[in-house]
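Below you'll find the structure, written out as C-alpha coordinates, and then a few comments.
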Amino acid sequence: MSMQITLGFINNYCTIPNIALVSGALLANTSLEYDPVAIGLHGNAADAFYSDAIMSFAINVVNNSSQILPGITVNVKRFTDCGPFYPEADSEYYGNSGGFASSIMALDIVENHLDVIGVIGTEYSTTAKGPAEILSNNQIPYCTSATAAMRYSDKNKYPYFWRTLSIHNFGNQFYLLLKEWNVRQIGIVYANTELGRGGTHALLQSMRENNIAVVVKVQLSSDYSMTDIEYASRQIRGMKAQYVVILGDAFFTGMSLQSFSEAGMMSSERVWIVSTWPKYFNSLPEDCGFLEGVVLVEPFGNRLGYFEESEITAPFREKYPVVVDDYNMSGSLDCVMMMLLGFHRLLLKAGAEMLAERKLQNQMNFTLFQNLG
(Lines give C-alpha, C1' and ligand atoms only; values in the text may rest on other atoms or scores of the structure.)
Protein backbone atom coordinates (compact mmCIF):
# COMPACT_ATOMS: atom_id res chain seq x y z
CA MET A 1 0.00 0.00 0.00
CA SER A 2 1.43 3.36 -1.01
CA MET A 3 1.98 6.28 1.33
CA GLN A 4 -0.18 9.38 0.81
CA ILE A 5 0.82 13.04 0.70
CA THR A 6 -1.41 15.98 -0.11
CA LEU A 7 -0.92 19.21 -2.03
CA GLY A 8 -3.25 22.14 -1.55
CA PHE A 9 -4.41 24.08 -4.61
CA ILE A 10 -5.33 27.70 -3.85
CA ASN A 11 -7.27 29.58 -6.48
CA ASN A 12 -10.10 32.04 -6.95
CA TYR A 13 -12.54 29.15 -7.23
CA CYS A 14 -15.40 31.53 -6.42
CA THR A 15 -15.44 32.24 -10.17
CA ILE A 16 -16.28 28.65 -11.18
CA PRO A 17 -19.89 27.38 -11.24
CA ASN A 18 -20.83 24.03 -9.71
CA ILE A 19 -18.30 24.12 -6.90
CA ALA A 20 -19.38 23.10 -3.41
CA LEU A 21 -17.68 23.79 -0.08
CA VAL A 22 -17.27 21.06 2.53
CA SER A 23 -16.26 23.33 5.38
CA GLY A 24 -14.20 26.47 5.73
CA ALA A 25 -12.46 27.10 2.42
CA LEU A 26 -12.24 23.44 1.31
CA LEU A 27 -13.97 22.44 -1.92
CA ALA A 28 -15.88 19.18 -2.08
CA ASN A 29 -14.86 18.83 -5.73
CA THR A 30 -12.13 16.27 -6.37
CA SER A 31 -12.01 17.56 -9.93
CA LEU A 32 -13.57 20.48 -11.75
CA GLU A 33 -16.32 19.94 -14.28
CA TYR A 34 -15.60 21.48 -17.67
CA ASP A 35 -18.46 23.65 -18.90
CA PRO A 36 -17.46 25.55 -22.07
CA VAL A 37 -20.49 27.81 -21.72
CA ALA A 38 -19.76 28.88 -18.14
CA ILE A 39 -15.97 28.77 -18.56
CA GLY A 40 -15.04 30.72 -21.65
CA LEU A 41 -11.71 32.02 -22.84
CA HIS A 42 -11.87 35.32 -20.96
CA GLY A 43 -12.41 36.36 -17.37
CA ASN A 44 -11.34 34.95 -14.03
CA ALA A 45 -13.07 31.57 -14.45
CA ALA A 46 -10.77 30.71 -17.36
CA ASP A 47 -7.66 31.51 -15.32
CA ALA A 48 -8.89 29.45 -12.37
CA PHE A 49 -10.10 26.46 -14.36
CA TYR A 50 -7.26 25.99 -16.84
CA SER A 51 -4.47 26.47 -14.30
CA ASP A 52 -6.20 23.87 -12.09
CA ALA A 53 -6.57 21.53 -15.06
CA ILE A 54 -2.89 21.56 -16.03
CA MET A 55 -1.85 21.01 -12.39
CA SER A 56 -4.21 18.03 -12.18
CA PHE A 57 -2.66 16.58 -15.34
CA ALA A 58 0.79 16.95 -13.74
CA ILE A 59 -0.29 15.21 -10.53
CA ASN A 60 -1.68 12.31 -12.56
CA VAL A 61 1.58 11.90 -14.47
CA VAL A 62 3.66 11.87 -11.25
CA ASN A 63 1.32 9.35 -9.62
CA ASN A 64 1.93 7.04 -12.57
CA SER A 65 5.69 7.58 -12.58
CA SER A 66 8.30 5.29 -11.05
CA GLN A 67 10.93 8.05 -11.21
CA ILE A 68 9.37 10.74 -8.98
CA LEU A 69 8.12 9.90 -5.47
CA PRO A 70 7.92 6.12 -6.06
CA GLY A 71 5.59 4.38 -3.63
CA ILE A 72 3.78 7.64 -2.84
CA THR A 73 0.37 8.80 -4.05
CA VAL A 74 -0.11 12.54 -4.29
CA ASN A 75 -3.61 13.73 -3.40
CA VAL A 76 -5.08 17.19 -3.92
CA LYS A 77 -7.27 19.42 -1.78
CA ARG A 78 -8.70 22.59 -3.30
CA PHE A 79 -9.18 25.78 -1.29
CA THR A 80 -10.98 28.91 -2.43
CA ASP A 81 -9.37 32.21 -1.50
CA CYS A 82 -12.53 34.23 -2.24
CA GLY A 83 -15.38 32.22 -0.72
CA PRO A 84 -18.14 30.31 -2.54
CA PHE A 85 -19.17 30.81 -6.15
CA TYR A 86 -20.91 34.03 -7.13
CA PRO A 87 -21.56 34.92 -10.79
CA GLU A 88 -20.10 38.43 -10.65
CA ALA A 89 -16.68 37.08 -9.66
CA ASP A 90 -15.87 36.07 -13.23
CA SER A 91 -15.83 39.68 -14.37
CA GLU A 92 -15.52 41.69 -11.16
CA TYR A 93 -13.11 39.88 -8.82
CA TYR A 94 -9.55 41.18 -8.88
CA GLY A 95 -8.27 40.26 -5.44
CA ASN A 96 -9.51 43.40 -3.73
CA SER A 97 -12.04 41.67 -1.47
CA GLY A 98 -10.15 38.48 -0.85
CA GLY A 99 -7.99 39.47 2.12
CA PHE A 100 -10.24 38.21 4.89
CA ALA A 101 -11.38 35.10 3.02
CA SER A 102 -7.82 34.19 2.04
CA SER A 103 -6.47 34.59 5.57
CA ILE A 104 -9.25 32.34 6.90
CA MET A 105 -8.35 29.87 4.16
CA ALA A 106 -4.67 29.83 5.16
CA LEU A 107 -5.51 29.23 8.82
CA ASP A 108 -7.90 26.48 7.75
CA ILE A 109 -5.06 24.71 5.92
CA VAL A 110 -2.63 25.07 8.81
CA GLU A 111 -5.00 24.04 11.60
CA ASN A 112 -7.46 21.60 10.02
CA HIS A 113 -5.68 19.94 7.11
CA LEU A 114 -2.54 18.46 8.58
CA ASP A 115 -2.07 16.19 5.56
CA VAL A 116 -1.29 19.21 3.34
CA ILE A 117 2.50 19.54 3.16
CA GLY A 118 2.73 22.05 0.30
CA VAL A 119 0.55 24.57 -1.52
CA ILE A 120 0.33 25.76 -5.14
CA GLY A 121 -1.50 29.03 -5.81
CA THR A 122 -2.51 31.45 -8.53
CA GLU A 123 -3.54 34.32 -6.28
CA TYR A 124 -3.64 38.01 -6.99
CA SER A 125 -0.79 39.81 -5.23
CA THR A 126 -3.23 41.68 -2.98
CA THR A 127 -4.97 38.45 -1.96
CA ALA A 128 -1.78 36.48 -1.29
CA LYS A 129 -0.43 38.76 1.43
CA GLY A 130 -2.05 36.90 4.35
CA PRO A 131 -1.61 33.32 3.08
CA ALA A 132 2.04 33.81 2.08
CA GLU A 133 2.92 35.01 5.57
CA ILE A 134 0.79 32.48 7.46
CA LEU A 135 2.05 29.53 5.43
CA SER A 136 5.68 30.63 5.80
CA ASN A 137 5.25 31.03 9.55
CA ASN A 138 3.99 27.44 9.67
CA GLN A 139 6.72 26.06 7.38
CA ILE A 140 4.40 25.08 4.54
CA PRO A 141 6.00 25.73 1.13
CA TYR A 142 3.93 27.85 -1.21
CA CYS A 143 4.66 28.21 -4.93
CA THR A 144 2.73 30.60 -7.15
CA SER A 145 2.57 31.32 -10.85
CA ALA A 146 0.64 34.59 -10.55
CA THR A 147 1.66 36.59 -7.46
CA ALA A 148 4.07 39.10 -8.93
CA ALA A 149 4.29 41.97 -6.40
CA MET A 150 7.80 42.91 -5.32
CA ARG A 151 7.14 42.47 -1.59
CA TYR A 152 7.19 38.69 -1.92
CA SER A 153 10.88 38.68 -2.79
CA ASP A 154 11.66 39.36 0.89
CA LYS A 155 12.89 35.93 1.98
CA ASN A 156 13.20 37.03 5.60
CA LYS A 157 9.45 37.54 5.69
CA TYR A 158 8.44 34.81 3.23
CA PRO A 159 11.09 32.07 3.48
CA TYR A 160 8.73 29.30 2.34
CA PHE A 161 7.32 31.25 -0.60
CA TRP A 162 8.66 31.15 -4.14
CA ARG A 163 7.31 31.75 -7.61
CA THR A 164 7.81 30.79 -11.22
CA LEU A 165 7.70 34.42 -12.35
CA SER A 166 10.94 36.18 -13.14
CA ILE A 167 10.84 39.62 -11.52
CA HIS A 168 14.57 40.02 -10.95
CA ASN A 169 15.72 43.48 -12.07
CA PHE A 170 12.13 44.34 -13.02
CA GLY A 171 12.82 48.02 -13.66
CA ASN A 172 16.07 47.40 -15.53
CA GLN A 173 14.25 45.36 -18.16
CA PHE A 174 12.35 48.50 -19.12
CA TYR A 175 15.55 50.55 -18.98
CA LEU A 176 17.25 48.33 -21.56
CA LEU A 177 14.47 49.03 -24.03
CA LEU A 178 14.38 52.77 -23.27
CA LYS A 179 18.16 52.99 -23.61
CA GLU A 180 18.01 51.33 -27.03
CA TRP A 181 15.45 53.91 -28.13
CA ASN A 182 17.41 56.79 -26.54
CA VAL A 183 14.40 57.77 -24.38
CA ARG A 184 15.19 60.35 -21.69
CA GLN A 185 11.78 60.80 -20.02
CA ILE A 186 8.64 58.72 -19.43
CA GLY A 187 5.26 58.78 -17.74
CA ILE A 188 3.83 56.04 -15.52
CA VAL A 189 0.20 55.01 -14.99
CA TYR A 190 -0.19 52.35 -12.33
CA ALA A 191 -2.87 50.44 -10.44
CA ASN A 192 -3.37 51.09 -6.74
CA THR A 193 -2.62 47.44 -5.93
CA GLU A 194 0.30 45.47 -4.52
CA LEU A 195 1.44 44.70 -8.06
CA GLY A 196 1.03 48.21 -9.40
CA ARG A 197 2.68 49.97 -6.45
CA GLY A 198 5.53 47.47 -6.19
CA GLY A 199 6.25 47.59 -9.92
CA THR A 200 6.23 51.37 -9.88
CA HIS A 201 8.68 51.49 -6.98
CA ALA A 202 11.08 49.18 -8.85
CA LEU A 203 10.70 51.13 -12.10
CA LEU A 204 11.28 54.48 -10.39
CA GLN A 205 14.44 53.16 -8.76
CA SER A 206 15.82 51.97 -12.11
CA MET A 207 14.92 55.24 -13.84
CA ARG A 208 16.71 57.26 -11.10
CA GLU A 209 19.81 55.10 -11.32
CA ASN A 210 19.94 55.53 -15.10
CA ASN A 211 19.05 59.23 -15.31
CA ILE A 212 15.71 58.83 -17.05
CA ALA A 213 13.18 61.38 -15.83
CA VAL A 214 9.68 60.33 -14.78
CA VAL A 215 7.74 63.48 -15.66
CA VAL A 216 4.28 62.25 -14.66
CA LYS A 217 3.11 59.48 -12.33
CA VAL A 218 -0.62 58.73 -12.03
CA GLN A 219 -2.24 56.18 -9.73
CA LEU A 220 -5.62 54.69 -10.67
CA SER A 221 -7.89 52.50 -8.57
CA SER A 222 -9.07 49.26 -10.15
CA ASP A 223 -12.58 50.72 -10.40
CA TYR A 224 -11.47 54.04 -11.88
CA SER A 225 -13.94 56.30 -13.72
CA MET A 226 -13.59 58.10 -17.05
CA THR A 227 -13.13 61.28 -15.02
CA ASP A 228 -9.96 59.69 -13.60
CA ILE A 229 -8.81 58.79 -17.12
CA GLU A 230 -9.43 62.32 -18.36
CA TYR A 231 -7.40 63.70 -15.43
CA ALA A 232 -4.55 61.30 -16.19
CA SER A 233 -4.73 62.26 -19.87
CA ARG A 234 -4.39 65.97 -19.06
CA GLN A 235 -1.35 65.19 -16.91
CA ILE A 236 0.29 63.15 -19.65
CA ARG A 237 -0.41 65.77 -22.31
CA GLY A 238 0.67 68.62 -20.06
CA MET A 239 4.04 67.05 -19.32
CA LYS A 240 4.50 66.00 -22.97
CA ALA A 241 5.12 62.38 -21.97
CA GLN A 242 5.66 60.58 -25.26
CA TYR A 243 6.45 57.21 -23.65
CA VAL A 244 3.97 55.96 -21.05
CA VAL A 245 4.35 52.75 -19.01
CA ILE A 246 1.23 51.04 -17.59
CA LEU A 247 1.78 48.84 -14.52
CA GLY A 248 -0.89 46.57 -13.08
CA ASP A 249 -2.46 43.18 -13.68
CA ALA A 250 -3.60 41.99 -17.10
CA PHE A 251 -7.19 43.17 -16.72
CA PHE A 252 -6.19 46.62 -15.45
CA THR A 253 -3.78 46.89 -18.37
CA GLY A 254 -6.38 45.93 -20.94
CA MET A 255 -9.16 48.12 -19.59
CA SER A 256 -6.96 51.18 -19.05
CA LEU A 257 -5.60 50.97 -22.61
CA GLN A 258 -9.16 50.86 -23.88
CA SER A 259 -10.13 53.80 -21.67
CA PHE A 260 -7.17 55.91 -22.81
CA SER A 261 -8.17 55.13 -26.39
CA GLU A 262 -11.68 56.40 -25.70
CA ALA A 263 -10.09 59.55 -24.26
CA GLY A 264 -8.23 60.12 -27.54
CA MET A 265 -4.79 59.28 -26.19
CA MET A 266 -3.78 56.68 -28.79
CA SER A 267 -1.83 58.28 -31.61
CA SER A 268 1.46 58.10 -33.47
CA GLU A 269 2.77 60.76 -31.08
CA ARG A 270 2.71 58.46 -28.06
CA VAL A 271 4.15 55.02 -27.25
CA TRP A 272 2.37 52.86 -24.67
CA ILE A 273 4.48 50.22 -22.90
CA VAL A 274 2.89 47.51 -20.74
CA SER A 275 4.28 44.87 -18.40
CA THR A 276 1.69 42.16 -19.00
CA TRP A 277 -0.45 40.95 -21.85
CA PRO A 278 -3.77 42.88 -21.88
CA LYS A 279 -6.86 40.87 -20.95
CA TYR A 280 -10.56 41.64 -21.01
CA PHE A 281 -13.43 40.27 -18.98
CA ASN A 282 -16.01 38.18 -20.87
CA SER A 283 -14.91 39.11 -24.40
CA LEU A 284 -12.53 41.22 -26.41
CA PRO A 285 -13.61 44.73 -27.41
CA GLU A 286 -15.28 44.83 -30.81
CA ASP A 287 -12.57 47.13 -32.13
CA CYS A 288 -9.08 46.23 -30.91
CA GLY A 289 -7.32 48.69 -33.18
CA PHE A 290 -6.15 50.72 -30.21
CA LEU A 291 -3.83 47.85 -29.24
CA GLU A 292 -1.81 48.27 -32.43
CA GLY A 293 1.64 49.55 -31.55
CA VAL A 294 1.40 48.83 -27.82
CA VAL A 295 4.78 47.49 -26.68
CA LEU A 296 4.91 44.52 -24.30
CA VAL A 297 7.90 44.21 -21.98
CA GLU A 298 7.04 41.01 -20.13
CA PRO A 299 9.29 40.64 -17.10
CA PHE A 300 6.96 37.98 -15.70
CA GLY A 301 7.42 35.61 -18.66
CA ASN A 302 5.40 32.43 -19.18
CA ARG A 303 3.35 32.19 -22.36
CA LEU A 304 1.55 29.08 -23.53
CA GLY A 305 3.61 29.06 -26.71
CA TYR A 306 6.67 28.18 -24.62
CA PHE A 307 5.12 24.85 -23.57
CA GLU A 308 7.25 21.97 -24.73
CA GLU A 309 5.30 18.96 -25.95
CA SER A 310 5.36 16.39 -23.14
CA GLU A 311 3.37 13.62 -21.51
CA ILE A 312 1.57 16.36 -19.58
CA THR A 313 0.95 19.03 -22.20
CA ALA A 314 0.08 16.74 -25.14
CA PRO A 315 -3.05 15.21 -23.55
CA PHE A 316 -3.96 18.61 -22.14
CA ARG A 317 -3.92 20.21 -25.59
CA GLU A 318 -5.97 17.30 -26.94
CA LYS A 319 -8.67 17.74 -24.27
CA TYR A 320 -8.71 21.57 -24.40
CA PRO A 321 -7.82 22.52 -28.00
CA VAL A 322 -9.55 25.90 -27.72
CA VAL A 323 -7.05 27.20 -25.17
CA VAL A 324 -4.99 29.94 -26.80
CA ASP A 325 -3.74 31.91 -23.79
CA ASP A 326 -1.52 30.98 -20.88
CA TYR A 327 -3.96 31.36 -17.95
CA ASN A 328 -0.96 30.97 -15.60
CA MET A 329 -0.68 27.39 -16.79
CA SER A 330 3.00 27.15 -17.69
CA GLY A 331 4.01 28.60 -14.32
CA SER A 332 1.49 26.44 -12.44
CA LEU A 333 2.81 23.32 -14.15
CA ASP A 334 6.34 24.31 -13.15
CA CYS A 335 5.20 24.89 -9.56
CA VAL A 336 3.78 21.37 -9.27
CA MET A 337 6.79 19.68 -10.78
CA MET A 338 9.31 21.74 -8.78
CA MET A 339 7.51 21.09 -5.52
CA LEU A 340 7.23 17.35 -6.09
CA LEU A 341 10.86 17.11 -7.20
CA GLY A 342 11.85 18.92 -3.99
CA PHE A 343 9.81 16.44 -1.98
CA HIS A 344 11.54 13.64 -3.88
CA ARG A 345 14.86 14.95 -2.52
CA LEU A 346 13.57 14.63 1.03
CA LEU A 347 12.10 11.21 0.30
CA LEU A 348 15.56 9.94 -0.63
CA LYS A 349 17.05 11.44 2.55
CA ALA A 350 14.44 10.66 5.19
CA GLY A 351 11.82 8.29 3.80
CA ALA A 352 8.13 8.48 2.91
CA GLU A 353 6.71 8.31 6.43
CA MET A 354 8.56 11.39 7.68
CA LEU A 355 7.49 13.27 4.57
CA ALA A 356 3.82 12.30 4.82
CA GLU A 357 3.56 13.11 8.53
CA ARG A 358 4.75 16.72 8.17
CA LYS A 359 7.95 15.94 10.05
CA LEU A 360 10.25 17.45 7.41
CA GLN A 361 8.59 20.87 7.08
CA ASN A 362 11.56 22.67 8.60
CA GLN A 363 13.60 21.58 5.57
CA MET A 364 11.10 22.92 3.02
CA ASN A 365 12.03 26.59 2.66
CA PHE A 366 12.55 27.97 -0.84
CA THR A 367 16.14 26.64 -1.09
CA LEU A 368 14.86 23.05 -1.25
CA PHE A 369 13.34 23.80 -4.63
CA GLN A 370 16.42 25.33 -6.24
CA ASN A 371 18.79 23.60 -8.68
CA LEU A 372 16.52 20.61 -9.25
CA GLY A 373 18.46 19.49 -12.29
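Within each chain, counting starts at residue 1; across the C-alpha coordinates, chains are named A, B, ... in the order shown, with ligands numbered 1 upward in that order.
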Per residue of stretch 68-181 of chain A within 8 Å of stretch 338-362 of chain A, note the shortest atom pair and the distance in Å to one decimal, counting only C-alpha atoms, and order the rows by chain and increasing residue number, as JSON lines.
{"residue": "A:Ile68", "atom": "CA", "partner": "A:His344", "partner_atom": "CA", "distance": 6.3}
{"residue": "A:Leu69", "atom": "CA", "partner": "A:His344", "partner_atom": "CA", "distance": 5.3}
{"residue": "A:Ile72", "atom": "CA", "partner": "A:Ala352", "partner_atom": "CA", "distance": 7.3}
{"residue": "A:Leu114", "atom": "CA", "partner": "A:Arg358", "partner_atom": "CA", "distance": 7.5}
{"residue": "A:Asp115", "atom": "CA", "partner": "A:Glu357", "partner_atom": "CA", "distance": 7.1}
{"residue": "A:Ile117", "atom": "CA", "partner": "A:Arg358", "partner_atom": "CA", "distance": 6.2}
{"residue": "A:Gly118", "atom": "CA", "partner": "A:Met339", "partner_atom": "CA", "distance": 7.6}
{"residue": "A:Gln139", "atom": "CA", "partner": "A:Gln361", "partner_atom": "CA", "distance": 5.5}
{"residue": "A:Ile140", "atom": "CA", "partner": "A:Gln361", "partner_atom": "CA", "distance": 6.5}
{"residue": "A:Cys143", "atom": "CA", "partner": "A:Met339", "partner_atom": "CA", "distance": 7.7}
Picked from stretch 130-256 of chain A by DSSP as strand (DSSP E or B), as a ChimeraX atom specification: /A:142-144,161-163,185-191,213-220,243-247
Computed interatomic separation between atom CA of A:Leu372 and atom CA of A:Glu318 (Å): 28.8 Å
Atom-to-atom span, atom CA of A:Ser206 and atom CA of A:Val294, Å: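 Interatomic distance here is 21.6 Å.
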Nearest to A:Gly187 by atom-to-atom distance, counting only C-alpha atoms, from A:Ile212, A:Ala146, A:Ala241, A:Ala48: A:Ala241
Test item: residues at most 8 Å from A:Phe251, only C-alpha atoms, excluding those fewer than 2 positions along its chain, as number ranges by chain: A: 249, 253-255, 278-281
Grab the residues selected above and save them as a PDB file, in the first residue's frame with N, CA, C and O atoms.
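For reference, result08.pdb as written:
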ATOM      1  N   ASP A 249      -2.203  44.525 -13.176  1.00  0.00           N
ATOM      2  CA  ASP A 249      -2.464  43.181 -13.679  1.00  0.00           C
ATOM      3  C   ASP A 249      -3.000  43.243 -15.105  1.00  0.00           C
ATOM      4  O   ASP A 249      -3.203  44.316 -15.683  1.00  0.00           O
ATOM      5  N   THR A 253      -4.504  46.455 -17.173  1.00  0.00           N
ATOM      6  CA  THR A 253      -3.778  46.894 -18.365  1.00  0.00           C
ATOM      7  C   THR A 253      -4.706  46.989 -19.565  1.00  0.00           C
ATOM      8  O   THR A 253      -4.725  47.994 -20.287  1.00  0.00           O
ATOM      9  N   GLY A 254      -5.485  45.937 -19.795  1.00  0.00           N
ATOM     10  CA  GLY A 254      -6.378  45.932 -20.943  1.00  0.00           C
ATOM     11  C   GLY A 254      -7.433  47.018 -20.871  1.00  0.00           C
ATOM     12  O   GLY A 254      -7.671  47.752 -21.847  1.00  0.00           O
ATOM     13  N   MET A 255      -8.077  47.151 -19.720  1.00  0.00           N
ATOM     14  CA  MET A 255      -9.161  48.122 -19.591  1.00  0.00           C
ATOM     15  C   MET A 255      -8.643  49.555 -19.637  1.00  0.00           C
ATOM     16  O   MET A 255      -9.283  50.442 -20.215  1.00  0.00           O
ATOM     17  N   PRO A 278      -2.435  42.365 -22.229  1.00  0.00           N
ATOM     18  CA  PRO A 278      -3.772  42.881 -21.879  1.00  0.00           C
ATOM     19  C   PRO A 278      -4.844  41.798 -21.952  1.00  0.00           C
ATOM     20  O   PRO A 278      -4.857  40.985 -22.886  1.00  0.00           O
ATOM     21  N   LYS A 279      -5.726  41.786 -20.953  1.00  0.00           N
ATOM     22  CA  LYS A 279      -6.865  40.871 -20.953  1.00  0.00           C
ATOM     23  C   LYS A 279      -8.146  41.661 -20.747  1.00  0.00           C
ATOM     24  O   LYS A 279      -8.138  42.763 -20.214  1.00  0.00           O
ATOM     25  N   TYR A 280      -9.251  41.003 -21.132  1.00  0.00           N
ATOM     26  CA  TYR A 280     -10.556  41.643 -21.013  1.00  0.00           C
ATOM     27  C   TYR A 280     -11.553  40.647 -20.444  1.00  0.00           C
ATOM     28  O   TYR A 280     -11.535  39.471 -20.794  1.00  0.00           O
ATOM     29  N   PHE A 281     -12.408  41.119 -19.557  1.00  0.00           N
ATOM     30  CA  PHE A 281     -13.433  40.271 -18.980  1.00  0.00           C
ATOM     31  C   PHE A 281     -14.471  39.927 -20.045  1.00  0.00           C
ATOM     32  O   PHE A 281     -14.895  40.776 -20.821  1.00  0.00           O
TER      33      PHE A 281
END
DSSP-assigned helix (DSSP H, G or I) members of stretch 69-297 of chain A, reported as a PyMOL selection string: chain A and resi 89-92+99-112+125-137+150-153+170-180+194-209+226-238+250-262+289-291
Between atom CA of A:Ile246 and atom CA of A:Tyr231, distance in Å (one decimal): 15.5 Å
A:Asp228 surroundings by only C-alpha atoms, 12 Å radius, close-in-sequence under 5 positions cut, as a ChimeraX atom specification: /A:189,218-223,233-235,256,259-260,263
Selected residue, from A:Pro315, A:Gly121, A:Gly248, A:Pro36, that lies nearest to A:Ala191 when counting only C-alpha atoms: A:Gly248
Within 6 Å of A:Phe79 using only C-alpha atoms, minus same-chain residues under 2 positions, as a PyMOL selection string: chain A and resi 10+25-27
Store the residues picked out above, limited to all heavy atoms, as an mmCIF file, in the first residue's frame.
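The resulting again-v8.cif:
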data_model
loop_
_atom_site.group_PDB
_atom_site.id
_atom_site.type_symbol
_atom_site.label_atom_id
_atom_site.label_comp_id
_atom_site.auth_asym_id
_atom_site.auth_seq_id
_atom_site.Cartn_x
_atom_site.Cartn_y
_atom_site.Cartn_z
ATOM 1 N N ILE A 10 -4.626 26.467 -4.194
ATOM 2 C CA ILE A 10 -5.327 27.703 -3.845
ATOM 3 C C ILE A 10 -5.649 28.447 -5.132
ATOM 4 O O ILE A 10 -4.782 28.636 -5.979
ATOM 5 C CB ILE A 10 -4.449 28.617 -2.960
ATOM 6 C CG1 ILE A 10 -4.137 27.951 -1.623
ATOM 7 C CG2 ILE A 10 -5.136 29.955 -2.739
ATOM 8 C CD1 ILE A 10 -3.193 28.777 -0.762
ATOM 9 N N ALA A 25 -12.775 26.748 3.809
ATOM 10 C CA ALA A 25 -12.455 27.104 2.422
ATOM 11 C C ALA A 25 -12.308 25.889 1.515
ATOM 12 O O ALA A 25 -12.038 26.030 0.321
ATOM 13 C CB ALA A 25 -11.155 27.919 2.397
ATOM 14 N N LEU A 26 -12.486 24.680 2.058
ATOM 15 C CA LEU A 26 -12.238 23.444 1.310
ATOM 16 C C LEU A 26 -13.369 23.133 0.342
ATOM 17 O O LEU A 26 -14.540 23.114 0.715
ATOM 18 C CB LEU A 26 -12.070 22.275 2.286
ATOM 19 C CG LEU A 26 -11.865 20.889 1.657
ATOM 20 C CD1 LEU A 26 -10.524 20.821 0.930
ATOM 21 C CD2 LEU A 26 -11.953 19.800 2.729
ATOM 22 N N LEU A 27 -12.997 22.852 -0.918
ATOM 23 C CA LEU A 27 -13.968 22.444 -1.916
ATOM 24 C C LEU A 27 -14.265 20.952 -1.792
ATOM 25 O O LEU A 27 -13.362 20.154 -1.504
ATOM 26 C CB LEU A 27 -13.443 22.719 -3.327
ATOM 27 C CG LEU A 27 -13.794 24.060 -3.972
ATOM 28 C CD1 LEU A 27 -13.198 25.221 -3.186
ATOM 29 C CD2 LEU A 27 -13.320 24.079 -5.421
#
Pick from A:Pro17, A:Gly238, A:Gly331, A:Pro70, whichever lies nearest to A:Phe49 using only C-alpha atoms: A:Pro17
Within 7 Å of A:Ile59 using only C-alpha atoms, minus same-chain residues under 4 positions, as a list in words: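 In the requested form, the answer reads Met55, Asn63 and Val74 of chain A.
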Can you write just those residues out, all heavy atoms, as a PDB file, in the first residue's frame?
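The resulting file, result31.pdb, is shown below:
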ATOM      1  N   MET A  55      -2.460  21.551 -13.606  1.00  0.00           N
ATOM      2  CA  MET A  55      -1.853  21.009 -12.388  1.00  0.00           C
ATOM      3  C   MET A  55      -2.360  19.602 -12.114  1.00  0.00           C
ATOM      4  O   MET A  55      -1.600  18.727 -11.676  1.00  0.00           O
ATOM      5  CB  MET A  55      -2.132  21.940 -11.209  1.00  0.00           C
ATOM      6  CG  MET A  55      -1.422  23.274 -11.301  1.00  0.00           C
ATOM      7  SD  MET A  55      -1.460  24.258  -9.768  1.00  0.00           S
ATOM      8  CE  MET A  55      -3.197  24.626  -9.620  1.00  0.00           C
ATOM      9  N   ASN A  63       1.862  10.528 -10.310  1.00  0.00           N
ATOM     10  CA  ASN A  63       1.316   9.354  -9.623  1.00  0.00           C
ATOM     11  C   ASN A  63       1.498   8.072 -10.429  1.00  0.00           C
ATOM     12  O   ASN A  63       1.446   6.972  -9.866  1.00  0.00           O
ATOM     13  CB  ASN A  63      -0.176   9.563  -9.315  1.00  0.00           C
ATOM     14  CG  ASN A  63      -0.394  10.422  -8.081  1.00  0.00           C
ATOM     15  OD1 ASN A  63       0.485  10.544  -7.225  1.00  0.00           O
ATOM     16  ND2 ASN A  63      -1.570  11.028  -7.972  1.00  0.00           N
ATOM     17  N   VAL A  74       0.110  11.129  -4.578  1.00  0.00           N
ATOM     18  CA  VAL A  74      -0.112  12.542  -4.291  1.00  0.00           C
ATOM     19  C   VAL A  74      -1.597  12.856  -4.450  1.00  0.00           C
ATOM     20  O   VAL A  74      -2.186  12.649  -5.519  1.00  0.00           O
ATOM     21  CB  VAL A  74       0.696  13.446  -5.246  1.00  0.00           C
ATOM     22  CG1 VAL A  74       0.481  14.919  -4.881  1.00  0.00           C
ATOM     23  CG2 VAL A  74       2.181  13.088  -5.199  1.00  0.00           C
TER      24      VAL A  74
END
